[in-house]
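Student: Below: one structure in structure tokens.
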Amino acid sequence: MNILVVGKGGREHALAWKLAQSPRVDKLYVAPGNPGIATLAECVDIRVDTPVSDRDKLTGEIDRLIEFAKDQRIDLTVVGPDDALAGGIVDRFQASGLKIFGPTEAAAQIESSKAFAKELMERIGVPTARHRSFTDADAACAYIRAQGAPIVVKASGLAAGKGAFVCHDETEALSTAREMLEEGTFGGAGSEIVIEDYMVGEEASLFALCDGEHYVTLVPAQDHKAIYEGDRGPNTGGMGSYAPAPVMTPELVQEAEDRIIRPVLDEMRRMGIPYKGVLYCGLMFTEEGPKVVEFNARFGDPECQILMPLLTSDLVDVLEAACDGRLHEIEIQNSDAAAVCVVMASEGYPGSYEKGFAIDGLQAFADRDDIVIFHAGTAHRDGRFFTDSGRVLCVTAIADDIESAVDKAYAAIDGITYDNVYFRRDIAHRALRRKD
Ligand code: GLY
């Protein structure tokens, strides 16, 4: 089979790494890919990364990729980024007779419109924080005053993971709502906002691969979004992740499947927009059980970088079954090992940072099965890798348990050097604390 992966980050490197292991793959392309991906697949210089707010440009990029997919007789396309899904890449590929794994534009609203997702959940009684949606700033502020703080204010649309604010005082909530609705801080993504109750608990994610009716779940995972240790500071594209997440016992996974995944799939089928693709359930484990924080319509980053190494099934078989509505015919196999990913970034990220520093030490891990280095933002010149982004490398370690995987990941990081490096030293701290 000829397979095409869409995207350029660590998540897509992990997908390509896993797909490259399938005996069913003849040729693997990644558009546009990155220098790490180029070691195992052919990178194609076609970008589908324009924000969905610039619809015409994004559609043009998608159409160029469709031409490529037809020319190269691509049998299956796998999409990484959310904007491409929200911009209808799946609809356009399918209309051209091409098989593609992911939700249609209408189904991807579960991520691209938080208002849509919240209304859906409310209608069918999926546990989530109580909410109201607003397009008018005065009405939003009146609601915030009536509810008081702490309270959560979210841009309804896609905001590159930066559109959700947990406001601990009312003044902060009022100004956040006004900035989004009146000053357009998130452009069109913030022209509607969702205001919801603050939830207390531990967050974790459950990923379901769905075929419109059936689903299979991957190993429960947790990520670290904040830049600083102790989960403080501004949110980033992800500073680390680990699985399995001890907070999500098998009983709680079952509860999440019964009360969240199954009803959402049934309702979306009833609405005429069956959900095919990854249903990323961001969950809060509260005293009343798991509640939905948000849904995403794609693999998580950096969760994909731990979930692919833990998946023992052939990913091609699973994705193909999902596209064909046959997920009930397969049994997904996951390893019972643990995986930890530590993201190596550039000092200053997510603010301004310098790049272009030479990276040394990667070669030592080329043949290791228990350490995999996924590239998030590197450049390659004259036989050397250089830093090229805020998030640079995702160092994934696999071991018998989380503690050993943490030790192994940090030992690997000791062997990788570049100027201006920054990484968190406390990845998986919640899991380690539970063990004590
Ligand atoms: N890990 C967070 C995300 O992928 O959105």
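Within each chain, counting starts at residue 1; across the structure tokens, chains are named A, B, ... in the order shown, with ligands numbered 1 upward in that order.
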For Ile260 of chain A, list every protein, DNA or RNA residue within 9 Å, evaluated using only C-alpha atoms, and leave out those in the same chain fewer than 4 positions away; present the list as a PyMOL selection string.
Tutor: chain A and resi 121+125-127+255-256+264-265+281+290-292
Student: Just to be explicit: take each residue in the selection above, keep N, CA and C atoms, and write the result as a PDB file, in the first residue's frame.
Tutor:
ATOM      1  N   MET A 121     -23.245  17.510  24.040  1.00  0.00           N
ATOM      2  CA  MET A 121     -23.122  16.784  25.322  1.00  0.00           C
ATOM      3  C   MET A 121     -24.320  17.045  26.222  1.00  0.00           C
ATOM      4  N   GLY A 125     -26.832  14.275  27.716  1.00  0.00           N
ATOM      5  CA  GLY A 125     -26.481  13.999  29.105  1.00  0.00           C
ATOM      6  C   GLY A 125     -25.078  13.453  29.326  1.00  0.00           C
ATOM      7  N   VAL A 126     -24.136  13.798  28.435  1.00  0.00           N
ATOM      8  CA  VAL A 126     -22.736  13.406  28.675  1.00  0.00           C
ATOM      9  C   VAL A 126     -22.178  14.288  29.785  1.00  0.00           C
ATOM     10  N   PRO A 127     -21.523  13.688  30.799  1.00  0.00           N
ATOM     11  CA  PRO A 127     -21.051  14.512  31.919  1.00  0.00           C
ATOM     12  C   PRO A 127     -19.975  15.513  31.501  1.00  0.00           C
ATOM     13  N   GLU A 255     -16.280   3.345  32.372  1.00  0.00           N
ATOM     14  CA  GLU A 255     -17.304   4.369  32.627  1.00  0.00           C
ATOM     15  C   GLU A 255     -17.250   5.458  31.551  1.00  0.00           C
ATOM     16  N   ALA A 256     -16.024   5.856  31.175  1.00  0.00           N
ATOM     17  CA  ALA A 256     -15.882   6.880  30.129  1.00  0.00           C
ATOM     18  C   ALA A 256     -16.418   6.361  28.791  1.00  0.00           C
ATOM     19  N   VAL A 264     -21.845   9.598  22.440  1.00  0.00           N
ATOM     20  CA  VAL A 264     -21.468  10.617  21.436  1.00  0.00           C
ATOM     21  C   VAL A 264     -21.499   9.998  20.038  1.00  0.00           C
ATOM     22  N   LEU A 265     -20.954   8.795  19.895  1.00  0.00           N
ATOM     23  CA  LEU A 265     -20.976   8.147  18.573  1.00  0.00           C
ATOM     24  C   LEU A 265     -22.417   7.905  18.116  1.00  0.00           C
ATOM     25  N   CYS A 281     -10.679  12.348  23.889  1.00  0.00           N
ATOM     26  CA  CYS A 281     -11.512  12.792  25.005  1.00  0.00           C
ATOM     27  C   CYS A 281     -10.608  13.335  26.098  1.00  0.00           C
ATOM     28  N   PRO A 290     -15.692  10.663  35.690  1.00  0.00           N
ATOM     29  CA  PRO A 290     -15.079  11.398  34.578  1.00  0.00           C
ATOM     30  C   PRO A 290     -16.050  12.360  33.914  1.00  0.00           C
ATOM     31  N   LYS A 291     -15.557  13.585  33.645  1.00  0.00           N
ATOM     32  CA  LYS A 291     -16.349  14.581  32.923  1.00  0.00           C
ATOM     33  C   LYS A 291     -15.513  15.100  31.761  1.00  0.00           C
ATOM     34  N   VAL A 292     -16.163  15.488  30.684  1.00  0.00           N
ATOM     35  CA  VAL A 292     -15.432  15.950  29.499  1.00  0.00           C
ATOM     36  C   VAL A 292     -14.966  17.389  29.688  1.00  0.00           C
TER      37      VAL A 292
END
Student: Can you work out which residues are within 7 Å of ligand 1, considering only C-alpha atoms and all ligand atoms, and then hand them over as an MDAnalysis selection string?
Tutor: chainID A and resid 161 223 225 237:238 299:303
Student: Point out the residue among A:Val293, A:Ala84, A:Val395, A:Val216 with the least atom-to-atom distance to Val166 of chain A, counting only C-alpha atoms.
Tutor: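 Going through A:Val293, A:Ala84, A:Val395, A:Val216 one by one, the smallest distance to Val166 of chain A is for A:Val293.
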Student: With only C-alpha atoms as the counted atoms, please give the residues lying no more than 10 Å from Gly87 of chain A, apart from itself and same-chain residues fewer than 6 positions off, as a ChimeraX atom specification.
Tutor: /A:48,50-56,58-59,62,104-106,108,112
Student: Work out how far apart atom CA of Gly282 of chain A and atom CA of Asp169 of chain A are and give it in Å to one decimal.
Tutor: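 Rounded to one decimal, the two atoms are 24.1 Å apart.
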Student: Check segment 162-346 of chain A with DSSP on the backbone and list each residue it calls strand (DSSP E or B), as a ChimeraX atom specification.
Tutor: /A:164-167,193-197,202-211,215-217,221-228,232-243,276-286,289-296,311,334,338-346
Student: For Ala139 of chain A, work out the shell of residues within 12 Å, counting only C-alpha atoms and skipping chain neighbours fewer than 2 positions away, then give it as a VMD selection string.
Tutor: chain A and resid 132 to 137 141 to 146 174 177 to 178 181 192 to 195
Student: Keeping only all heavy atoms, write the selected residues to a file as a short mmCIF file (atom, residue, chain, number, x, y, z; two decimals), in the first residue's frame.
Tutor:
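Okay, out_30.cif is ready:
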data_model
loop_
_atom_site.label_atom_id
_atom_site.label_comp_id
_atom_site.auth_asym_id
_atom_site.auth_seq_id
_atom_site.Cartn_x
_atom_site.Cartn_y
_atom_site.Cartn_z
N ARG A 132 -22.54 28.05 29.24
CA ARG A 132 -23.37 28.87 28.36
C ARG A 132 -22.46 29.39 27.25
O ARG A 132 -21.28 29.65 27.46
CB ARG A 132 -23.96 30.07 29.11
CG ARG A 132 -25.04 29.70 30.13
CD ARG A 132 -26.44 29.65 29.52
NE ARG A 132 -26.81 30.90 28.86
CZ ARG A 132 -27.34 31.96 29.50
NH1 ARG A 132 -27.55 31.91 30.80
NH2 ARG A 132 -27.65 33.05 28.84
N SER A 133 -23.01 29.55 26.04
CA SER A 133 -22.26 30.11 24.91
C SER A 133 -22.73 31.54 24.66
O SER A 133 -23.92 31.82 24.81
CB SER A 133 -22.51 29.29 23.63
OG SER A 133 -22.20 27.95 23.85
N PHE A 134 -21.78 32.40 24.25
CA PHE A 134 -22.14 33.82 24.03
C PHE A 134 -21.44 34.37 22.79
O PHE A 134 -20.29 34.02 22.50
CB PHE A 134 -21.67 34.68 25.22
CG PHE A 134 -22.37 34.35 26.50
CD1 PHE A 134 -21.82 33.41 27.38
CD2 PHE A 134 -23.59 34.95 26.83
CE1 PHE A 134 -22.48 33.09 28.55
CE2 PHE A 134 -24.24 34.62 28.01
CZ PHE A 134 -23.69 33.69 28.88
N THR A 135 -22.14 35.29 22.11
CA THR A 135 -21.50 36.10 21.07
C THR A 135 -21.53 37.57 21.47
O THR A 135 -20.87 38.39 20.84
CB THR A 135 -22.23 35.93 19.70
OG1 THR A 135 -23.63 36.16 19.92
CG2 THR A 135 -22.04 34.54 19.13
N ASP A 136 -22.27 37.88 22.53
CA ASP A 136 -22.40 39.27 22.98
C ASP A 136 -21.63 39.46 24.29
O ASP A 136 -21.85 38.72 25.27
CB ASP A 136 -23.89 39.58 23.18
CG ASP A 136 -24.08 40.97 23.72
OD1 ASP A 136 -23.89 41.93 22.95
OD2 ASP A 136 -24.36 41.11 24.94
N ALA A 137 -20.74 40.46 24.32
CA ALA A 137 -19.85 40.64 25.47
C ALA A 137 -20.63 41.02 26.73
O ALA A 137 -20.31 40.54 27.83
CB ALA A 137 -18.80 41.70 25.15
N CYS A 141 -20.58 38.96 30.18
CA CYS A 141 -20.10 39.54 31.44
C CYS A 141 -21.16 39.44 32.53
O CYS A 141 -20.85 39.18 33.70
CB CYS A 141 -19.65 40.99 31.22
SG CYS A 141 -18.12 41.05 30.25
N ALA A 142 -22.42 39.62 32.14
CA ALA A 142 -23.51 39.50 33.14
C ALA A 142 -23.52 38.07 33.69
O ALA A 142 -23.68 37.85 34.90
CB ALA A 142 -24.84 39.85 32.48
N TYR A 143 -23.29 37.09 32.82
CA TYR A 143 -23.28 35.69 33.25
C TYR A 143 -22.10 35.43 34.19
O TYR A 143 -22.24 34.77 35.23
CB TYR A 143 -23.21 34.77 32.01
CG TYR A 143 -23.23 33.30 32.35
CD1 TYR A 143 -24.40 32.68 32.79
CD2 TYR A 143 -22.07 32.52 32.22
CE1 TYR A 143 -24.42 31.32 33.09
CE2 TYR A 143 -22.08 31.17 32.52
CZ TYR A 143 -23.26 30.57 32.96
OH TYR A 143 -23.28 29.23 33.27
N ILE A 144 -20.94 35.98 33.83
CA ILE A 144 -19.74 35.78 34.68
C ILE A 144 -19.99 36.38 36.07
O ILE A 144 -19.70 35.75 37.10
CB ILE A 144 -18.49 36.43 34.02
CG1 ILE A 144 -18.10 35.62 32.79
CG2 ILE A 144 -17.33 36.52 35.01
CD1 ILE A 144 -17.05 36.28 31.90
N ARG A 145 -20.58 37.60 36.11
CA ARG A 145 -20.86 38.23 37.42
C ARG A 145 -21.83 37.38 38.23
O ARG A 145 -21.67 37.23 39.44
CB ARG A 145 -21.44 39.63 37.21
CG ARG A 145 -20.37 40.65 36.84
CD ARG A 145 -20.85 42.09 36.99
NE ARG A 145 -19.96 42.95 36.23
CZ ARG A 145 -20.15 43.28 34.95
NH1 ARG A 145 -21.23 42.87 34.31
NH2 ARG A 145 -19.27 44.03 34.32
N ALA A 146 -22.82 36.82 37.56
CA ALA A 146 -23.81 36.01 38.29
C ALA A 146 -23.18 34.72 38.83
O ALA A 146 -23.52 34.25 39.91
CB ALA A 146 -24.98 35.68 37.36
N LEU A 174 -13.84 38.63 33.25
CA LEU A 174 -14.55 39.67 32.50
C LEU A 174 -13.67 40.22 31.39
O LEU A 174 -14.10 40.38 30.25
CB LEU A 174 -14.95 40.82 33.45
CG LEU A 174 -16.01 40.46 34.51
CD1 LEU A 174 -16.17 41.58 35.52
CD2 LEU A 174 -17.35 40.15 33.85
N ALA A 177 -13.22 37.64 28.52
CA ALA A 177 -14.42 37.55 27.66
C ALA A 177 -14.50 38.77 26.74
O ALA A 177 -14.75 38.64 25.53
CB ALA A 177 -15.67 37.44 28.53
N ARG A 178 -14.27 39.96 27.28
CA ARG A 178 -14.35 41.18 26.45
C ARG A 178 -13.26 41.18 25.38
O ARG A 178 -13.50 41.55 24.23
CB ARG A 178 -14.22 42.43 27.32
CG ARG A 178 -15.51 42.76 28.04
CD ARG A 178 -15.68 44.24 28.36
NE ARG A 178 -16.88 44.41 29.16
CZ ARG A 178 -18.12 44.48 28.67
NH1 ARG A 178 -18.32 44.45 27.36
NH2 ARG A 178 -19.16 44.60 29.46
N LEU A 181 -14.41 38.79 22.62
CA LEU A 181 -15.62 39.14 21.86
C LEU A 181 -15.55 40.55 21.25
O LEU A 181 -16.10 40.79 20.18
CB LEU A 181 -16.85 39.03 22.76
CG LEU A 181 -17.24 37.59 23.11
CD1 LEU A 181 -18.34 37.55 24.17
CD2 LEU A 181 -17.70 36.82 21.87
N GLU A 192 -17.34 33.56 19.10
CA GLU A 192 -18.28 32.95 20.04
C GLU A 192 -17.44 32.39 21.17
O GLU A 192 -16.35 31.84 20.91
CB GLU A 192 -19.08 31.83 19.36
CG GLU A 192 -20.09 31.18 20.27
CD GLU A 192 -21.02 30.19 19.55
OE1 GLU A 192 -20.60 29.60 18.54
OE2 GLU A 192 -22.16 30.02 20.01
N ILE A 193 -17.90 32.53 22.41
CA ILE A 193 -17.13 31.97 23.53
C ILE A 193 -18.02 31.04 24.34
O ILE A 193 -19.25 31.16 24.32
CB ILE A 193 -16.51 33.06 24.44
CG1 ILE A 193 -17.59 33.88 25.14
CG2 ILE A 193 -15.57 33.97 23.65
CD1 ILE A 193 -17.02 34.83 26.20
N VAL A 194 -17.36 30.13 25.03
CA VAL A 194 -18.05 29.23 25.94
C VAL A 194 -17.57 29.56 27.34
O VAL A 194 -16.36 29.67 27.58
CB VAL A 194 -17.73 27.76 25.57
CG1 VAL A 194 -18.14 26.82 26.69
CG2 VAL A 194 -18.41 27.37 24.27
N ILE A 195 -18.51 29.75 28.25
CA ILE A 195 -18.14 30.00 29.65
C ILE A 195 -18.65 28.81 30.46
O ILE A 195 -19.82 28.44 30.36
CB ILE A 195 -18.77 31.31 30.17
CG1 ILE A 195 -18.28 32.48 29.28
CG2 ILE A 195 -18.39 31.55 31.62
CD1 ILE A 195 -18.86 33.81 29.65
#
Student: Where does segment 94-212 of chain A meet segment 311-316 of chain A within 12 Å, residue by residue, with the nearest atom pair and distance in Å to one decimal for each, counting only C-alpha atoms, listed by chain and rising number, as CSV?
Tutor:
residue,atom,partner,partner_atom,distance
A:Ile100,CA,A:Val316,CA,11.7
A:Phe101,CA,A:Val316,CA,10.4
A:Leu209,CA,A:Leu315,CA,10.9
Student: Could you check the closest approach to Leu283 of chain A for each of A:Val79, A:Ala412, A:Ile261, A:Ile66 and tell me which residue wins, using only C-alpha atoms?
Tutor: A:Ile261
Student: I need the residue nearest Gly102 of chain A from this list: A:Arg326, A:His380, A:Lys276, A:Arg259. Use only C-alpha atoms for the distance.
Tutor: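 When distances to Gly102 of chain A are compared using only C-alpha atoms, the smallest one comes from A:Lys276.
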Student: Using only C-alpha atoms, which protein or nucleic acid residues come within 8 Å of Lys18 of chain A? Drop anything in the same chain fewer than 2 positions from it, and give the result as a list of chain:residue names.
Tutor: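 The residues that qualify are A:Ala14, A:Leu15, A:Ala16, A:Ala20, A:Gln21, A:Ser22, A:Met308, A:Pro309, A:Leu315.
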Student: Those same residues - N, CA, C and O atoms - I'd like them written as a tab-separated table (two decimals), in the first residue's frame.
Tutor:
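Written file, again30.tsv:
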chain	number	residue	atom	x	y	z
A	14	ALA	N	5.69	10.33	14.88
A	14	ALA	CA	5.30	9.09	15.57
A	14	ALA	C	4.38	8.25	14.70
A	14	ALA	O	4.51	7.01	14.64
A	15	LEU	N	3.44	8.88	14.01
A	15	LEU	CA	2.55	8.13	13.11
A	15	LEU	C	3.35	7.48	11.99
A	15	LEU	O	3.16	6.30	11.67
A	16	ALA	N	4.27	8.24	11.40
A	16	ALA	CA	5.08	7.71	10.29
A	16	ALA	C	5.96	6.57	10.78
A	16	ALA	O	6.13	5.54	10.11
A	20	ALA	N	5.63	2.91	9.25
A	20	ALA	CA	6.79	2.37	8.53
A	20	ALA	C	7.10	0.94	8.96
A	20	ALA	O	7.77	0.19	8.25
A	21	GLN	N	6.60	0.54	10.14
A	21	GLN	CA	6.85	-0.83	10.62
A	21	GLN	C	5.89	-1.85	10.02
A	21	GLN	O	6.06	-3.05	10.21
A	22	SER	N	4.87	-1.37	9.32
A	22	SER	CA	3.87	-2.31	8.80
A	22	SER	C	4.39	-3.00	7.54
A	22	SER	O	4.81	-2.33	6.59
A	308	MET	N	1.88	5.51	20.08
A	308	MET	CA	2.32	4.67	18.95
A	308	MET	C	3.32	3.61	19.41
A	308	MET	O	3.18	2.44	19.04
A	309	PRO	N	4.32	3.96	20.23
A	309	PRO	CA	5.22	2.90	20.71
A	309	PRO	C	4.52	1.84	21.56
A	309	PRO	O	4.99	0.72	21.66
A	315	LEU	N	-0.83	-0.55	12.69
A	315	LEU	CA	-1.66	0.65	12.60
A	315	LEU	C	-2.43	0.71	11.28
A	315	LEU	O	-3.55	1.22	11.23
Student: Show which residues sit within 10 Å of Asp266 of chain A, as a VMD selection string. Count only C-alpha atoms, and ignore same-chain residues fewer than 3 positions away.
Tutor: chain A and resid 124 212 to 214 261 to 263 269 to 271 274 to 275
Student: Next, write the just-selected residues to a file, as a PDB file, in the first residue's frame, keeping C-alpha atoms as the atom set.
Tutor:
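Below you can see result23.pdb, which holds the result:
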ATOM      1  CA  ILE A 124     -27.615  13.649  25.503  1.00  0.00           C
ATOM      2  CA  GLY A 212     -18.797   5.925  12.782  1.00  0.00           C
ATOM      3  CA  GLU A 213     -20.401   3.201  14.883  1.00  0.00           C
ATOM      4  CA  HIS A 214     -17.710   1.180  16.636  1.00  0.00           C
ATOM      5  CA  ILE A 261     -17.771   7.687  23.851  1.00  0.00           C
ATOM      6  CA  ARG A 262     -20.711   5.378  23.102  1.00  0.00           C
ATOM      7  CA  PRO A 263     -23.437   8.067  23.517  1.00  0.00           C
ATOM      8  CA  ARG A 269     -24.787   8.934  13.770  1.00  0.00           C
ATOM      9  CA  ARG A 270     -28.357   9.966  14.563  1.00  0.00           C
ATOM     10  CA  MET A 271     -27.514  13.543  13.467  1.00  0.00           C
ATOM     11  CA  PRO A 274     -21.168   9.740  11.849  1.00  0.00           C
ATOM     12  CA  TYR A 275     -17.837  10.200  13.609  1.00  0.00           C
TER      13      TYR A 275
END
Student: Could you list, as a list in words, every residue within 7 Å of Ser241 of chain A, counting only C-alpha atoms and ignoring same-chain residues fewer than 3 positions away?
Tutor: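 Residues near the query, excluding close chain neighbours: Gln222, Asp223, His224, Pro302, Glu303, Val340, Cys341, Val342, Ile427 and Ala428 of chain A.
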